[in-house]
Amino acid sequence: MHIPDGILPAQVCAAGYAITGLATWYSLRQINRKPDPMAEIPKASLLTAAFFVASSIYIPIPPASVHLILNGLLGVVLGYFSFPAILIGLFFQALVIGHGGLTTLGVNAAMMGIPAWAAYHLFQAHRYLGRKLPEPTRIALFAFLGGTLGLGLSVLIFLTLVILHLPAEVDARAEQAAVVAFSLGHVLVMVVEGLFTAMLVLFLHRAKPELLES
Amino acid sequence: MRYALGLLLVGLGSLGWETPGLAHGVHIQHRVISGIEIQARYDSGEPMQAAQVSIYAPGNPSDPWLKGTTDAEGRFRFTPDANQPGNWEVKVRQAGHGDIVSIPVAAMDGPMAGEPATVPSASLMKQPGELSPVKHWVTIAAVVWGFIGTALFFSRGKR
């Protein structure tokens with residue numbers, strides 16, 4: 001679901017870099033306010049590796065196949081570390097795997113990183129909402145919702161960007177139908193990523209709950 | 001009456017015999033030409049079916065010279081204009097994904113001038129810089145090891 005080079009006009013790519021620059025600055029500022037900013041780097045680094053590899057894991061959904069993104073998972077587990085982690089992961093994906101591109105790095109980082117923040121804040125709501133549910137159920141439910149929302153928002157941004165910037169030479173109706181079918185194919189991936197996020201968060205909650213305290 | 005009908009049929013038959021140009025004759029001519037075939041695949045290996053193809057002639061990168069769609073195997077064939085040698089750009093796009101490939105087409109001189117130009121087939125089969133699957137996964141493993149090394153480095157200081 002990465003936007004490659006040559007799909008979007010230059011102004012949109014520049015705007016993507018501007019938004020990503022601001023979002024990275026804000027993330028680093030939030031990280032610096034922590035008592036020990038270095039403490040979460042190992043966790044962030046390992047999840048960046050998972051994010052980097054995830055785009056090479058394909059789920060066959062006819063007519064094509066889709067790959068995992070895991071931006072919702074990174075948001076839920078890493079909090080404000082998720083944006084720089086996604087930015088670095090996308091940079092290596094563009095260089096090594098050929099997913100996305102360097103001109104669209106800013107757009108892709110904003111498209112996946114800002115929904116990761118939304119996933120983080122949704123997951124943190126488990127501290128205030130659903131108090132009647134048992135704690136593991138509540139944590140798993142909000143982790144599932146966070147993992148699903150992260151990818152869902154990214155798909156919506158992708159859909160909007162591609163449909164709003166169709167070049168004149170493209171058959172607009174065919175391309176719109178293809179983009180909508182591609183986005184619908186991600187509904188299953190959203191569920192898979194939501195379940196995966198819930199399982200990981202439940203495991204961390206039982207094995208090392210301090211990792212979820214970010 | 002029967003004679004009159006027979007005469008009419010003979011008359012129509014002879015009319016047809018004498019004017020073969022009115023019949024639905026079919027003539028097929030053929031000549032051997034060289035063209036370009038591209039095949040577009042997603043990096044998962046699946047062909048890009050019914051993807052939109054735009055072909056740009058050298059010197060006119062804004063208006064497509066030809067437009068079309070790929071077949072079920074992700075293939076598209078076209079014959080570039082021999083009078084426009086240079087880099088022909090082929091853009092394939094589907095659902096916000098796509099790529100551009102630049103295909104060099106040499107000018108043809110002498111008796112073959114006017115015929116479609118040829119390109120070396122090898123340049124279409126593999127893009128420069130494309131890694132084999134083994135190298136691809138080795139590179140991925142190296143990057144992953146870099147992330148693991150970073151994690152180990154930053155976790156070491158706390159002990």
# chains A, B, ... in the order shown; residues from 1 in each chain; ligands from 1
call {"tool": "select_by_dssp", "arguments": {"residues": "chain A", "states": "strand (DSSP E)", "output": "list of chain:residue names"}}
result
A:Tyr58, A:Ile59, A:Pro60, A:Ile61, A:Ala64, A:Ser65, A:Val66, A:His67
call {"tool": "write_last_selection", "arguments": {"atoms": "N, CA, C and O atoms", "output": "PDB file, in the first residue's frame"}}
result
ATOM      1  N   TYR A  58       3.056 -11.576   2.148  1.00  0.00           N
ATOM      2  CA  TYR A  58       1.875 -11.338   1.330  1.00  0.00           C
ATOM      3  C   TYR A  58       0.718 -12.229   1.763  1.00  0.00           C
ATOM      4  O   TYR A  58       0.910 -13.378   2.142  1.00  0.00           O
ATOM      5  N   ILE A  59      -0.490 -11.670   1.672  1.00  0.00           N
ATOM      6  CA  ILE A  59      -1.708 -12.439   1.897  1.00  0.00           C
ATOM      7  C   ILE A  59      -2.432 -12.475   0.554  1.00  0.00           C
ATOM      8  O   ILE A  59      -2.808 -11.424   0.024  1.00  0.00           O
ATOM      9  N   PRO A  60      -2.606 -13.678  -0.033  1.00  0.00           N
ATOM     10  CA  PRO A  60      -3.242 -13.720  -1.357  1.00  0.00           C
ATOM     11  C   PRO A  60      -4.746 -13.444  -1.272  1.00  0.00           C
ATOM     12  O   PRO A  60      -5.493 -14.222  -0.707  1.00  0.00           O
ATOM     13  N   ILE A  61      -5.149 -12.297  -1.786  1.00  0.00           N
ATOM     14  CA  ILE A  61      -6.576 -11.954  -1.883  1.00  0.00           C
ATOM     15  C   ILE A  61      -6.826 -11.651  -3.356  1.00  0.00           C
ATOM     16  O   ILE A  61      -6.320 -10.646  -3.858  1.00  0.00           O
ATOM     17  N   ALA A  64      -5.282  -9.801  -6.782  1.00  0.00           N
ATOM     18  CA  ALA A  64      -3.847  -9.637  -6.510  1.00  0.00           C
ATOM     19  C   ALA A  64      -3.581 -10.121  -5.090  1.00  0.00           C
ATOM     20  O   ALA A  64      -4.353 -10.913  -4.551  1.00  0.00           O
ATOM     21  N   SER A  65      -2.510  -9.689  -4.505  1.00  0.00           N
ATOM     22  CA  SER A  65      -2.275 -10.023  -3.102  1.00  0.00           C
ATOM     23  C   SER A  65      -1.891  -8.750  -2.377  1.00  0.00           C
ATOM     24  O   SER A  65      -1.394  -7.802  -2.968  1.00  0.00           O
ATOM     25  N   VAL A  66      -2.142  -8.745  -1.077  1.00  0.00           N
ATOM     26  CA  VAL A  66      -1.821  -7.564  -0.277  1.00  0.00           C
ATOM     27  C   VAL A  66      -0.808  -7.980   0.778  1.00  0.00           C
ATOM     28  O   VAL A  66      -0.679  -9.159   1.091  1.00  0.00           O
ATOM     29  N   HIS A  67      -0.087  -7.013   1.285  1.00  0.00           N
ATOM     30  CA  HIS A  67       0.918  -7.345   2.299  1.00  0.00           C
ATOM     31  C   HIS A  67       0.590  -6.649   3.607  1.00  0.00           C
ATOM     32  O   HIS A  67      -0.191  -5.702   3.655  1.00  0.00           O
TER      33      HIS A  67
END
call {"tool": "residues_around", "arguments": {"residues": "Val53 in chain B", "least_positions_apart": "2", "cutoff": "6 Å", "atoms": "only C-alpha atoms", "output": "MDAnalysis selection string"}}
result
chainID B and resid 67:69 91:92
call {"tool": "closest_residue", "arguments": {"among": "A:Ser183, A:Thr160, A:Ser45, A:Thr103", "to": "chain B", "atoms": "only C-alpha atoms"}}
result
A:Ser45
call {"tool": "closest_residue", "arguments": {"among": "A:Leu151, A:Ala10, A:Leu166, A:Ile19", "to": "chain B", "atoms": "only C-alpha atoms"}}
result
A:Leu166
call {"tool": "decode", "arguments": {"residues": "range 65-79 of chain B", "atoms": "N, CA and C atoms", "output": "PDB file, in the first residue's frame"}}
result
ATOM      1  N   TRP B  65       1.624   8.582 -26.577  1.00  0.00           N
ATOM      2  CA  TRP B  65       1.633   8.205 -27.999  1.00  0.00           C
ATOM      3  C   TRP B  65       0.629   7.070 -28.234  1.00  0.00           C
ATOM      4  N   LEU B  66       0.479   6.245 -27.202  1.00  0.00           N
ATOM      5  CA  LEU B  66      -0.457   5.104 -27.293  1.00  0.00           C
ATOM      6  C   LEU B  66      -0.939   4.777 -25.880  1.00  0.00           C
ATOM      7  N   LYS B  67      -2.209   4.378 -25.777  1.00  0.00           N
ATOM      8  CA  LYS B  67      -2.737   3.941 -24.481  1.00  0.00           C
ATOM      9  C   LYS B  67      -3.365   2.564 -24.649  1.00  0.00           C
ATOM     10  N   GLY B  68      -3.386   1.784 -23.612  1.00  0.00           N
ATOM     11  CA  GLY B  68      -3.991   0.461 -23.691  1.00  0.00           C
ATOM     12  C   GLY B  68      -4.031  -0.185 -22.323  1.00  0.00           C
ATOM     13  N   THR B  69      -4.396  -1.463 -22.304  1.00  0.00           N
ATOM     14  CA  THR B  69      -4.419  -2.205 -21.034  1.00  0.00           C
ATOM     15  C   THR B  69      -3.690  -3.530 -21.215  1.00  0.00           C
ATOM     16  N   THR B  70      -3.137  -4.024 -20.138  1.00  0.00           N
ATOM     17  CA  THR B  70      -2.412  -5.294 -20.184  1.00  0.00           C
ATOM     18  C   THR B  70      -3.401  -6.460 -20.240  1.00  0.00           C
ATOM     19  N   ASP B  71      -2.896  -7.619 -20.721  1.00  0.00           N
ATOM     20  CA  ASP B  71      -3.753  -8.801 -20.779  1.00  0.00           C
ATOM     21  C   ASP B  71      -3.704  -9.551 -19.444  1.00  0.00           C
ATOM     22  N   ALA B  72      -4.259 -10.773 -19.427  1.00  0.00           N
ATOM     23  CA  ALA B  72      -4.345 -11.529 -18.169  1.00  0.00           C
ATOM     24  C   ALA B  72      -2.975 -11.888 -17.615  1.00  0.00           C
ATOM     25  N   GLU B  73      -1.964 -11.902 -18.493  1.00  0.00           N
ATOM     26  CA  GLU B  73      -0.602 -12.218 -18.040  1.00  0.00           C
ATOM     27  C   GLU B  73       0.198 -10.945 -17.737  1.00  0.00           C
ATOM     28  N   GLY B  74      -0.464  -9.804 -17.783  1.00  0.00           N
ATOM     29  CA  GLY B  74       0.230  -8.547 -17.528  1.00  0.00           C
ATOM     30  C   GLY B  74       1.053  -8.072 -18.707  1.00  0.00           C
ATOM     31  N   ARG B  75       0.775  -8.625 -19.917  1.00  0.00           N
ATOM     32  CA  ARG B  75       1.593  -8.295 -21.088  1.00  0.00           C
ATOM     33  C   ARG B  75       0.933  -7.209 -21.932  1.00  0.00           C
ATOM     34  N   PHE B  76       1.769  -6.456 -22.622  1.00  0.00           N
ATOM     35  CA  PHE B  76       1.280  -5.459 -23.572  1.00  0.00           C
ATOM     36  C   PHE B  76       2.313  -5.349 -24.697  1.00  0.00           C
ATOM     37  N   ARG B  77       1.825  -5.366 -25.938  1.00  0.00           N
ATOM     38  CA  ARG B  77       2.736  -5.306 -27.090  1.00  0.00           C
ATOM     39  C   ARG B  77       2.459  -4.034 -27.882  1.00  0.00           C
ATOM     40  N   PHE B  78       3.525  -3.450 -28.366  1.00  0.00           N
ATOM     41  CA  PHE B  78       3.364  -2.305 -29.262  1.00  0.00           C
ATOM     42  C   PHE B  78       4.573  -2.229 -30.177  1.00  0.00           C
ATOM     43  N   THR B  79       4.400  -1.516 -31.274  1.00  0.00           N
ATOM     44  CA  THR B  79       5.487  -1.337 -32.241  1.00  0.00           C
ATOM     45  C   THR B  79       5.826   0.137 -32.309  1.00  0.00           C
TER      46      THR B  79
END
